[in-house]
Each structure stands twice: as structure tokens, then as C-alpha cells.
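Structure first, then comments.
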Amino acid sequence: MKTSQLIVVLVLLVAGCFSMDLSAQETLKALVKKCENMENVNVNIVRNKDKTTRKVSKVITSISFSNNEVLVKEILAAFNKDKDMADQEIENRSNGRVNNLFYRFGSVSYSFSEDGNGSGSLSVIGKGDE
């Protein structure tokens, strides 16, 4: 009886770890999807495929924009919301303002840089299945 309870607890813990990993960057992921459909935003997507299986093995998404302070604030808020779940954080501040951010969530990396005038770029590098 105790062994079966221990197995159930272990399975729940492992499942919880996987679900936390999957939802770790939900706010950032949603923001990237939103940006992909916005006007006055440039989006570049590179997909690398495995030569034998033809499945996407890596996706690099680069988003750039100019004169959009509202979008800068949205991006900073999304980074801030997902901050606690990041495996690695790199933050660069200049004159009291964040101008570069990098967060890694497992095998997915998000980076953002802005120039202080409402222009910026957001990049996402991850596996093809994420």
C-alpha cells in the first residue's frame, strides 16, 4: 500500500514538473504570436529541418519594430510576468531603464533589446516542437 502511494506521489511530482516547464513562458509565447500579426512589425522566421526526417528541429523568430512605446511596455510586462519561471536571466539597464533582456526556459531562449525611442527587437530561439 505504501509503495503504491509513493509511486502515485512520484508520478504527480514528475507530471507537475513537466507542466510547469510547458507553461513557463506562456505570456511571452502569446506576445510573439500577437506580434506576428501586427502591422508595422517586421517578422523573420527561420526553420531548420532535420535532413533525414524533414521535421523542424529549430525555429528562430526575429521581430523588429519602430516607434511603438506601447509594444515596448507590453514586451517588458510579459518578460516580467514570466520572470520567475526562467532558468536563466540576463538584464542590462542604462540610466535606470531596462534596454536588454535575455531569458532561457529550458531549450527556448527569448531576448529583447530596445533603444529608448520605442524601437526594439525581440528574438526567440527554440526547438521545432515548442
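Note on naming: chains are A, B, ... as they come in the C-alpha cells, residues start from 1 per chain, ligands start from 1 in the order shown.
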
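The environment of A:Ala78 within 9 Å, counting only C-alpha atoms and disregarding residues fewer than 4 places along the same chain, consists of Gln25, Glu26, Thr27, Leu28, Leu31, Lys73, Glu74, Asp82 and Lys83 of chain A.
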
| query | Looking at only C-alpha atoms, which of A:Val46, A:Ala77, A:Ala30, A:Val41 is the one that sits closest to A:Ser64? | reply | A:Val41

| field | Selection near A:Leu76, 12 Å with only C-alpha atoms, sequence-local residues under 6 positions removed, as a ChimeraX atom specification | value | /A:27-28,31,69-70,82-83,91,97-103,110-114,118,120-122

Write a file of the selected residues as a PDB file, in the first residue's frame, keeping N, CA and C atoms.
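And here is the file that came out, result_2.pdb:
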ATOM      1  N   THR A  27       3.149  33.772 -21.367  1.00  0.00           N
ATOM      2  CA  THR A  27       2.907  35.179 -21.667  1.00  0.00           C
ATOM      3  C   THR A  27       3.780  35.633 -22.832  1.00  0.00           C
ATOM      4  N   LEU A  28       5.049  35.261 -22.802  1.00  0.00           N
ATOM      5  CA  LEU A  28       5.942  35.624 -23.901  1.00  0.00           C
ATOM      6  C   LEU A  28       5.532  34.953 -25.207  1.00  0.00           C
ATOM      7  N   LEU A  31       2.616  36.757 -26.647  1.00  0.00           N
ATOM      8  CA  LEU A  31       3.018  38.054 -27.182  1.00  0.00           C
ATOM      9  C   LEU A  31       3.696  37.910 -28.548  1.00  0.00           C
ATOM     10  N   GLU A  69       6.111  52.629 -28.437  1.00  0.00           N
ATOM     11  CA  GLU A  69       6.385  52.580 -26.997  1.00  0.00           C
ATOM     12  C   GLU A  69       5.393  51.670 -26.273  1.00  0.00           C
ATOM     13  N   VAL A  70       4.162  51.566 -26.784  1.00  0.00           N
ATOM     14  CA  VAL A  70       3.155  50.691 -26.183  1.00  0.00           C
ATOM     15  C   VAL A  70       3.605  49.237 -26.284  1.00  0.00           C
ATOM     16  N   ASP A  82       6.760  36.432 -16.738  1.00  0.00           N
ATOM     17  CA  ASP A  82       7.331  35.088 -16.856  1.00  0.00           C
ATOM     18  C   ASP A  82       8.690  34.954 -16.164  1.00  0.00           C
ATOM     19  N   LYS A  83       9.159  36.023 -15.555  1.00  0.00           N
ATOM     20  CA  LYS A  83      10.497  36.078 -14.966  1.00  0.00           C
ATOM     21  C   LYS A  83      10.770  34.969 -13.952  1.00  0.00           C
ATOM     22  N   GLU A  91      19.894  40.742 -17.542  1.00  0.00           N
ATOM     23  CA  GLU A  91      19.226  42.030 -17.651  1.00  0.00           C
ATOM     24  C   GLU A  91      20.283  43.121 -17.729  1.00  0.00           C
ATOM     25  N   ARG A  97      16.826  52.367 -16.857  1.00  0.00           N
ATOM     26  CA  ARG A  97      15.842  51.760 -17.754  1.00  0.00           C
ATOM     27  C   ARG A  97      16.401  50.467 -18.337  1.00  0.00           C
ATOM     28  N   VAL A  98      15.566  49.426 -18.363  1.00  0.00           N
ATOM     29  CA  VAL A  98      15.979  48.156 -18.962  1.00  0.00           C
ATOM     30  C   VAL A  98      16.054  48.336 -20.466  1.00  0.00           C
ATOM     31  N   ASN A  99      17.208  47.993 -21.050  1.00  0.00           N
ATOM     32  CA  ASN A  99      17.310  48.089 -22.509  1.00  0.00           C
ATOM     33  C   ASN A  99      17.683  46.762 -23.167  1.00  0.00           C
ATOM     34  N   ASN A 100      18.054  45.755 -22.392  1.00  0.00           N
ATOM     35  CA  ASN A 100      18.320  44.418 -22.930  1.00  0.00           C
ATOM     36  C   ASN A 100      17.891  43.370 -21.913  1.00  0.00           C
ATOM     37  N   LEU A 101      17.184  42.354 -22.390  1.00  0.00           N
ATOM     38  CA  LEU A 101      16.761  41.246 -21.546  1.00  0.00           C
ATOM     39  C   LEU A 101      17.018  39.939 -22.275  1.00  0.00           C
ATOM     40  N   PHE A 102      17.374  38.920 -21.520  1.00  0.00           N
ATOM     41  CA  PHE A 102      17.523  37.566 -22.068  1.00  0.00           C
ATOM     42  C   PHE A 102      17.009  36.598 -21.015  1.00  0.00           C
ATOM     43  N   TYR A 103      16.065  35.748 -21.394  1.00  0.00           N
ATOM     44  CA  TYR A 103      15.549  34.706 -20.511  1.00  0.00           C
ATOM     45  C   TYR A 103      15.642  33.375 -21.240  1.00  0.00           C
ATOM     46  N   TYR A 110      14.536  33.684 -25.087  1.00  0.00           N
ATOM     47  CA  TYR A 110      13.905  34.930 -25.511  1.00  0.00           C
ATOM     48  C   TYR A 110      14.869  36.066 -25.219  1.00  0.00           C
ATOM     49  N   SER A 111      15.048  36.954 -26.189  1.00  0.00           N
ATOM     50  CA  SER A 111      15.873  38.138 -25.939  1.00  0.00           C
ATOM     51  C   SER A 111      15.160  39.364 -26.489  1.00  0.00           C
ATOM     52  N   PHE A 112      15.347  40.473 -25.806  1.00  0.00           N
ATOM     53  CA  PHE A 112      14.720  41.728 -26.203  1.00  0.00           C
ATOM     54  C   PHE A 112      15.713  42.854 -26.004  1.00  0.00           C
ATOM     55  N   SER A 113      15.768  43.740 -26.969  1.00  0.00           N
ATOM     56  CA  SER A 113      16.578  44.950 -26.821  1.00  0.00           C
ATOM     57  C   SER A 113      15.795  46.115 -27.414  1.00  0.00           C
ATOM     58  N   GLU A 114      15.957  47.279 -26.785  1.00  0.00           N
ATOM     59  CA  GLU A 114      15.276  48.478 -27.275  1.00  0.00           C
ATOM     60  C   GLU A 114      16.192  49.675 -27.123  1.00  0.00           C
ATOM     61  N   GLY A 118      11.234  53.770 -28.425  1.00  0.00           N
ATOM     62  CA  GLY A 118      10.097  52.993 -28.883  1.00  0.00           C
ATOM     63  C   GLY A 118      10.416  52.011 -29.994  1.00  0.00           C
ATOM     64  N   GLY A 120      12.583  48.515 -31.130  1.00  0.00           N
ATOM     65  CA  GLY A 120      13.202  47.383 -30.474  1.00  0.00           C
ATOM     66  C   GLY A 120      13.166  46.129 -31.318  1.00  0.00           C
ATOM     67  N   SER A 121      13.742  45.075 -30.740  1.00  0.00           N
ATOM     68  CA  SER A 121      13.725  43.775 -31.407  1.00  0.00           C
ATOM     69  C   SER A 121      13.557  42.681 -30.355  1.00  0.00           C
ATOM     70  N   LEU A 122      12.792  41.679 -30.732  1.00  0.00           N
ATOM     71  CA  LEU A 122      12.513  40.527 -29.889  1.00  0.00           C
ATOM     72  C   LEU A 122      12.887  39.292 -30.676  1.00  0.00           C
TER      73      LEU A 122
END

| Filtered DSSP result for stretch 23-126 of chain A, state helix (DSSP H, G or I), as a ChimeraX atom specification | /A:26-36,69-85

Only C-alpha atoms, please: the residues just picked out, written as a tab-separated table (two decimals), in the first residue's frame.
chain	number	residue	atom	x	y	z
A	26	GLU	CA	3.09	31.37	-21.84
A	27	THR	CA	2.91	35.18	-21.67
A	28	LEU	CA	5.94	35.62	-23.90
A	29	LYS	CA	4.72	32.96	-26.32
A	30	ALA	CA	1.34	34.70	-26.63
A	31	LEU	CA	3.02	38.05	-27.18
A	32	VAL	CA	5.16	36.64	-30.00
A	33	LYS	CA	2.01	35.28	-31.70
A	34	LYS	CA	0.37	38.69	-31.34
A	35	CYS	CA	3.39	40.47	-32.84
A	36	GLU	CA	3.45	38.09	-35.82
A	69	GLU	CA	6.38	52.58	-27.00
A	70	VAL	CA	3.16	50.69	-26.18
A	71	LEU	CA	4.62	47.48	-27.61
A	72	VAL	CA	7.85	48.03	-25.67
A	73	LYS	CA	5.80	48.25	-22.45
A	74	GLU	CA	3.85	45.10	-23.36
A	75	ILE	CA	7.06	43.17	-24.01
A	76	LEU	CA	8.64	44.33	-20.75
A	77	ALA	CA	5.46	43.36	-18.87
A	78	ALA	CA	5.47	39.89	-20.50
A	79	PHE	CA	9.12	39.35	-19.55
A	80	ASN	CA	8.35	40.50	-16.01
A	81	LYS	CA	5.35	38.16	-15.72
A	82	ASP	CA	7.33	35.09	-16.86
A	83	LYS	CA	10.50	36.08	-14.97
A	84	ASP	CA	10.06	33.72	-12.01
A	85	MET	CA	9.90	30.65	-14.25

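When only C-alpha atoms are used to measure the gap to A:Asn48, the shortest distance among A:Asn68, A:Gly128, A:Ser109, A:Gln88 belongs to A:Gly128.
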
| message | I'd like to know which of A:Asn40, A:Asn67, A:Ser107, A:Ser123 is closest to A:Ala86, using only C-alpha atoms. | response |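 Looking only at the distances to A:Ala86, the closest residue turns out to be A:Ser107.
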
| How many Å lie between atom CA of A:Phe65 and atom CA of A:Val43, rounded to one decimal? |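 According to the coordinates, atom CA of A:Phe65 and atom CA of A:Val43 are separated by 9.0 Å.
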
| From the list A:Arg104, A:Lys49, A:Met38, A:Asn44, which residue is nearest A:Ile63 when using only C-alpha atoms? | A:Asn44

| task | Would you mind reading off the distance between atom CA of A:Ile60 and atom CA of A:Phe105, one decimal, in Å? | result | 14.8 Å

| query | What is the distance, in Å and to one decimal place, between atom CA of A:Ile45 and atom CA of A:Gly106? | reply | 20.4 Å

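Near A:Val59, within 10 Å and counting only C-alpha atoms, sit A:Ile45, A:Val46, A:Arg47, A:Asn48, A:Lys49, A:Val56, A:Ser57, A:Thr61, A:Ser62, A:Val108, A:Val124, A:Ile125, A:Gly126, A:Lys127, A:Gly128, A:Asp129, A:Glu130; same-chain residues fewer than 2 positions away were not included.
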
Go ahead and write the residues just picked, N, CA, C and O atoms, as a PDB file, in the first residue's frame.
ATOM      1  N   ILE A  45      11.176  34.529 -39.747  1.00  0.00           N
ATOM      2  CA  ILE A  45      11.158  33.206 -39.129  1.00  0.00           C
ATOM      3  C   ILE A  45      12.053  32.275 -39.930  1.00  0.00           C
ATOM      4  O   ILE A  45      11.894  32.144 -41.142  1.00  0.00           O
ATOM      5  N   VAL A  46      12.998  31.646 -39.240  1.00  0.00           N
ATOM      6  CA  VAL A  46      13.903  30.682 -39.862  1.00  0.00           C
ATOM      7  C   VAL A  46      13.629  29.331 -39.230  1.00  0.00           C
ATOM      8  O   VAL A  46      13.628  29.198 -38.010  1.00  0.00           O
ATOM      9  N   ARG A  47      13.383  28.338 -40.080  1.00  0.00           N
ATOM     10  CA  ARG A  47      13.143  26.975 -39.598  1.00  0.00           C
ATOM     11  C   ARG A  47      14.223  26.061 -40.141  1.00  0.00           C
ATOM     12  O   ARG A  47      14.396  25.959 -41.352  1.00  0.00           O
ATOM     13  N   ASN A  48      14.937  25.409 -39.241  1.00  0.00           N
ATOM     14  CA  ASN A  48      15.935  24.408 -39.636  1.00  0.00           C
ATOM     15  C   ASN A  48      15.283  23.040 -39.559  1.00  0.00           C
ATOM     16  O   ASN A  48      14.618  22.720 -38.569  1.00  0.00           O
ATOM     17  N   LYS A  49      15.524  22.217 -40.604  1.00  0.00           N
ATOM     18  CA  LYS A  49      14.922  20.883 -40.645  1.00  0.00           C
ATOM     19  C   LYS A  49      15.993  19.811 -40.597  1.00  0.00           C
ATOM     20  O   LYS A  49      17.082  19.981 -41.135  1.00  0.00           O
ATOM     21  N   VAL A  56      10.999  19.865 -38.423  1.00  0.00           N
ATOM     22  CA  VAL A  56      11.631  21.102 -37.971  1.00  0.00           C
ATOM     23  C   VAL A  56      12.363  20.819 -36.667  1.00  0.00           C
ATOM     24  O   VAL A  56      11.795  20.297 -35.711  1.00  0.00           O
ATOM     25  N   SER A  57      13.657  21.137 -36.656  1.00  0.00           N
ATOM     26  CA  SER A  57      14.473  20.879 -35.475  1.00  0.00           C
ATOM     27  C   SER A  57      14.771  22.144 -34.674  1.00  0.00           C
ATOM     28  O   SER A  57      15.071  22.075 -33.493  1.00  0.00           O
ATOM     29  N   THR A  61      12.835  33.047 -34.456  1.00  0.00           N
ATOM     30  CA  THR A  61      11.888  34.102 -34.812  1.00  0.00           C
ATOM     31  C   THR A  61      12.473  35.436 -34.383  1.00  0.00           C
ATOM     32  O   THR A  61      12.840  35.612 -33.224  1.00  0.00           O
ATOM     33  N   SER A  62      12.569  36.360 -35.330  1.00  0.00           N
ATOM     34  CA  SER A  62      13.078  37.705 -35.046  1.00  0.00           C
ATOM     35  C   SER A  62      11.985  38.715 -35.377  1.00  0.00           C
ATOM     36  O   SER A  62      11.438  38.713 -36.482  1.00  0.00           O
ATOM     37  N   VAL A 108      14.361  26.911 -24.798  1.00  0.00           N
ATOM     38  CA  VAL A 108      13.841  28.075 -25.517  1.00  0.00           C
ATOM     39  C   VAL A 108      14.422  29.343 -24.906  1.00  0.00           C
ATOM     40  O   VAL A 108      14.411  29.522 -23.690  1.00  0.00           O
ATOM     41  N   VAL A 124      13.344  34.876 -30.548  1.00  0.00           N
ATOM     42  CA  VAL A 124      13.027  33.629 -29.876  1.00  0.00           C
ATOM     43  C   VAL A 124      13.772  32.521 -30.610  1.00  0.00           C
ATOM     44  O   VAL A 124      13.689  32.407 -31.831  1.00  0.00           O
ATOM     45  N   ILE A 125      14.503  31.710 -29.859  1.00  0.00           N
ATOM     46  CA  ILE A 125      15.209  30.565 -30.423  1.00  0.00           C
ATOM     47  C   ILE A 125      14.760  29.338 -29.656  1.00  0.00           C
ATOM     48  O   ILE A 125      14.837  29.313 -28.424  1.00  0.00           O
ATOM     49  N   GLY A 126      14.278  28.332 -30.371  1.00  0.00           N
ATOM     50  CA  GLY A 126      13.817  27.133 -29.700  1.00  0.00           C
ATOM     51  C   GLY A 126      13.742  25.930 -30.621  1.00  0.00           C
ATOM     52  O   GLY A 126      13.996  26.041 -31.824  1.00  0.00           O
ATOM     53  N   LYS A 127      13.380  24.803 -30.035  1.00  0.00           N
ATOM     54  CA  LYS A 127      13.191  23.594 -30.805  1.00  0.00           C
ATOM     55  C   LYS A 127      11.972  23.725 -31.693  1.00  0.00           C
ATOM     56  O   LYS A 127      11.090  24.535 -31.427  1.00  0.00           O
ATOM     57  N   GLY A 128      11.905  22.894 -32.709  1.00  0.00           N
ATOM     58  CA  GLY A 128      10.803  22.952 -33.643  1.00  0.00           C
ATOM     59  C   GLY A 128       9.471  22.565 -33.058  1.00  0.00           C
ATOM     60  O   GLY A 128       8.430  23.016 -33.501  1.00  0.00           O
ATOM     61  N   ASP A 129       9.441  21.748 -32.028  1.00  0.00           N
ATOM     62  CA  ASP A 129       8.178  21.284 -31.453  1.00  0.00           C
ATOM     63  C   ASP A 129       7.678  22.162 -30.324  1.00  0.00           C
ATOM     64  O   ASP A 129       6.746  21.827 -29.633  1.00  0.00           O
ATOM     65  N   GLU A 130       8.301  23.318 -30.100  1.00  0.00           N
ATOM     66  CA  GLU A 130       7.887  24.196 -28.992  1.00  0.00           C
ATOM     67  C   GLU A 130       7.358  25.510 -29.507  1.00  0.00           C
ATOM     68  O   GLU A 130       7.558  25.923 -30.572  1.00  0.00           O
TER      69      GLU A 130
END

| request: From a DSSP calculation on the backbone, collect every residue of chain A in strand (DSSP E or B) and output the set as a VMD selection string. | output: chain A and resid 41 to 49 56 to 65 88 to 94 97 to 105 108 to 114 120 to 127
